[in-house]
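The structure appears right after this line, and notes come after that.
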Amino acid sequence: MAAQIFSAIFVIIIGVGGCVAYFWGANKLLDLIFPSRGVSGTAAVNNLRRQGLVRPWLFVGPALIILTIYLIYPVIATLWLSFFDRGGTNFVGAANYEWALRDPDLRNAILNNILWLAVVPAACTFLGLIIAVLTDKIWWGTIAKSLIFLPLAISFVGASVIWKFIYEYRGEGQIQIGLLNAIIQYFGGQPQVWISLPFWNNFFLMVILIWIQTGFAMVILSSALRGIPEETLEAAVIDGANPFQIFWKIMVPQIWGTIAVVWTTITILVLKVFDIVLTMTNGQWNSQVLANLMFDWMFRGGGDFGRGATIAIIIMIAVIPIMIWNIRQANKETGGH
Amino acid sequence: MAVATGNSFASRFGVHIAVLVFVVIWTIPTLGILVSSLRDKDQIIASGWWNSFASSSQTEAGRLPPASAQTQKDGKYVIEGNIFGDGAKRAISAFGVKAAAPTQYPAGTSVDLGDGVSLQLNADGSFVLASPKAFEGDRGQRVYYASSAPPKFTTDNYKTVMFSEGIGRSFMNSLTVTIPATVIPILIAAFAAYALAWMRFPGRALLIAVIIGLLVVPLQMSLIPLLRLYNGVGTFFGVPSKTYLGIWLAHTGFGLPFAIYLLRSYIAGLPREIMESARIDGASDFEIFVKIVLPLSFPVLASFAIFQFLWVWNDLLVAMVFLGTAPDQIVLTAKLNALLGSRGGNWEILTTSAFITIIVPLIVFFSLQRYFVRGLLAGSVKGG
């Protein structure tokens, strides 16, 4: 273990030192090859121009190389692999996609993902917005926000243990140590094994993600609400608008852009949801989702890379519209400068 | 937002109540595992954690001492003593002599067991069994009783999971993964961000678009090709394919788009005058970056560091693909996932382990919340 700590520290020093050495050294080298000081006027101008051509690439170079290896190449390779068999060696055409259309597990995962997409982003945004509006009105709002924000720091696995404890089931009539069943039993209901109830168990898993992500929506929306000009709200109050009208007709339209951002961010997160399903049910009792199914195929019986890659492509296809929208938004912003 | 919408006392009161309800719902789950992790493991299964400050009651069975313990008193044969032996601090509320009716009689009553035999069991555990005839046999009278034990809190669970369940080791593994994976991307991203914000070169706009596109590319797209690549490199050089170096680089790669995006939008917003006056003074891009941009960017670098730290610490997927599951490599999240399988019913182990995995993020989060929120806002509001 000591060796491990030592190697970690060593790597930090090497890593950071290496980066510093690279950037400093490459920059120095460029100055040596194309000197701009101590040479004649035209030579200096020419060398400065050459430096200007090379230096940006020295700066973005390491990032570009890492991005290429870890993201750009894999995206292309995954697409490529989705046309190959389980070992990734024999071309099988669209066989994996045909399988994807017919496979009942995959269909179940897609339907569950759609269910997640329909519920989680909406619930997080709605709850986040309500809490943001309410906490802005009270003196202890900051503390309240901190506490609701807190689950965002908790890992999905940790959150799963937390909620598994809440859903814990004991036989009827026994002392329930899971909070949910204890409440149900207190009011005379039947305790249930919540995470194995087909269809409904999806919602019990979604609760975990909603619990985590509402704080995110709340913080972003709260800051957007503060950006609404005070005069607008005052004018509405003078005109006799009631709180609900102010909320729906003034606040919500004003922060529409931010709501869209929160919604899409959580949508992407939902498409990738993996840890919660793996730890709570591992896809049993019809609770499978795409990301978990893909992980399953990656390692099941030595792994089927072709089918795994196909599932990854399905997730990617769902993300592409958001990706295009993001790039357009960003272009609009930089275009305005 | 200072405008009050609805000033009546009732609506003010309603807002407080509503927020309180939200706070309670959001806090109680975490509180549950914190409290449970500090409880005695027998009490965790005997009562819900919300009862942990009250005495927990349970029904038990015991046997009184055999005939050899009897004494003669006032012409009767008597067996006396305390059912708890050592006089543990527990209280009996009711007792019985039949398994079917373990709490038939309230504590302190004297019960006729037939043949003139009487039994009295008091709340403190003391008992008197009396009979006109001598007791026989070496098996004492069976009694059942409902007793309540005072709440008992302990740190034993933490000792157990840290040292015998391997959580302590996994904690070190998580630190080993997280710290380099947080530090390495910062400088790489900062240089790239500066170039993309302040230097002019062909392809810059395309590069920015690519990075914004990569922001949302699901991690799943990278896993299979990288796994193949790592296995290939491992076989080619005859080294293990699951190494700390591998996961450091993987996390660096996955964190870079967000890092560059976040830092670029901040660095692009720095005042142009500072850069230009430095350039007029003859400073090169490198000098401007090191002497002006880096120090001014401290807040956003801190934001990114916190994000990356939390993301790497909380990650399960990347760790499961690129690291082994042996004790020398398994990180906290993966260990917790494994414990959920092997220790499914042992809530004292699960709650304690879970609390250990979330304590570091919570500390980071509470001490640096300002930077975290700033990063969150910059990362999602500006460009989305």
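Ordering of the structure tokens sets the chain letters (A, B, ...), residue numbers begin anew at 1 in every chain, and ligands are numbered from 1 in the order given.
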
Contacts between chain A and chain B, please, where a residue of chain B counts if it comes within 6 Å (with only C-alpha atoms); show its shortest atom pair and distance in Å to one decimal, rows by chain and ascending number, as a Markdown table.
```
| residue | atom | partner | partner_atom | distance |
| --- | --- | --- | --- | --- |
| B:Thr5 | CA | A:Pro243 | CA | 5.2 |
| B:Trp26 | CA | A:Ile148 | CA | 5.6 |
| B:Ser47 | CA | A:Ile177 | CA | 5.9 |
| B:Gly48 | CA | A:Ile177 | CA | 4.1 |
| B:Thr176 | CA | A:Ala8 | CA | 5.6 |
| B:Pro180 | CA | A:Ile12 | CA | 5.3 |
| B:Ile188 | CA | A:Ala63 | CA | 5.9 |
| B:Phe191 | CA | A:Phe59 | CA | 5.2 |
| B:Ala192 | CA | A:Val60 | CA | 4.2 |
| B:Ala195 | CA | A:Pro56 | CA | 5.5 |
| B:Ala209 | CA | A:Ile327 | CA | 6.0 |
| B:Gly213 | CA | A:Met323 | CA | 5.6 |
| B:Gln220 | CA | A:Ala312 | CA | 5.6 |
| B:Met221 | CA | A:Ala312 | CA | 5.4 |
| B:Ser222 | CA | A:Pro74 | CA | 4.8 |
| B:Pro225 | CA | A:Pro74 | CA | 5.3 |
| B:Gly253 | CA | A:Tyr70 | CA | 5.4 |
| B:Asn314 | CA | A:Ser155 | CA | 4.5 |
| B:Ala354 | CA | A:Gly158 | CA | 5.2 |
| B:Ile358 | CA | A:Ile154 | CA | 5.6 |
| B:Pro361 | CA | A:Ala153 | CA | 5.6 |
| B:Gly383 | CA | A:Ala330 | CA | 5.4 |
| B:Gly384 | CA | A:Val261 | CA | 5.5 |
```

Handout entry: Contact residues around Ile349 of chain B with only C-alpha atoms at 9 Å, ignoring same-chain residues under 5 positions, as a VMD selection string
Key = chain B and resid 37 41 157 to 158 160 to 161 165 339 343 354

Exercise for the section: For atom CA of Arg12 of chain B and atom CA of Thr142 of chain A, determine how far apart the two atoms are, in Å to one decimal place. Expected result: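 Atom-to-atom, atom CA of Arg12 of chain B and atom CA of Thr142 of chain A are spaced 16.8 Å apart.
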
Practice task
Find, counting only C-alpha atoms, the residue in B:Thr178, B:Ser55, B:Gln104, B:Ser148 that gets nearest to Val331 of chain B.
Solution key: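 When distances to Val331 of chain B are compared using only C-alpha atoms, the smallest one comes from B:Thr178.
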
Practice task
Calculate how many Å separate atom CA of Gly238 of chain B from atom CA of Leu256 of chain B, rounding to one decimal.
Solution key: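 Between these atoms lies a distance of 29.0 Å.
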
Exercise for the section: Please identify all polymer residues within 12 Å of Ala190 of chain B, counting only C-alpha atoms, omitting same-chain residues fewer than 2 positions from it, and present them as JSON, numbers by chain. Expected result: {"A": [19, 20, 23, 59, 60, 61, 62, 63], "B": [183, 184, 185, 186, 187, 188, 192, 193, 194, 195, 196, 197, 198, 256, 257, 258, 259, 260, 261, 262, 263, 264, 265, 266, 267, 268, 286, 289, 290, 293, 294, 295, 296, 297, 298, 300, 301, 302, 304, 305]}

Handout entry: Secondary structure check, strand (DSSP E) residues of segment 32-103 of chain B, as number ranges by chain
Key = B: 56-63, 71-73, 76-82, 91-96

Exercise for the section: Apply DSSP to the structure's backbone, then extract all residues of segment 107-320 of chain B labelled alpha helix (DSSP H) and return them as a ChimeraX atom specification. Expected result: /B:156-159,167-198,204-215,220-237,244-267,272-280,285-288,294-296,298-314,317-320

Problem - For atom CA of Ile250 of chain A and atom CA of Ser222 of chain A, the interatomic separation in Å (one decimal) - result: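 Going from atom CA of Ile250 of chain A over to atom CA of Ser222 of chain A, I get 14.7 Å.
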
If you count only C-alpha atoms, which residues fall within 8 Å of Glu80 of chain B, apart from same-chain ones fewer than 2 positions away, as a CSV table (one decimal) with C-alpha atoms, in the first residue's frame?
```
chain,number,residue,atom,x,y,z
B,70,GLN,CA,-33.0,-23.9,45.5
B,78,VAL,CA,-37.3,-21.0,46.7
B,82,ASN,CA,-31.8,-12.1,38.4
B,126,SER,CA,-35.1,-10.3,39.6
B,127,PHE,CA,-37.3,-13.4,40.1
B,128,VAL,CA,-38.7,-15.5,42.8
B,129,LEU,CA,-39.8,-19.1,42.1
```
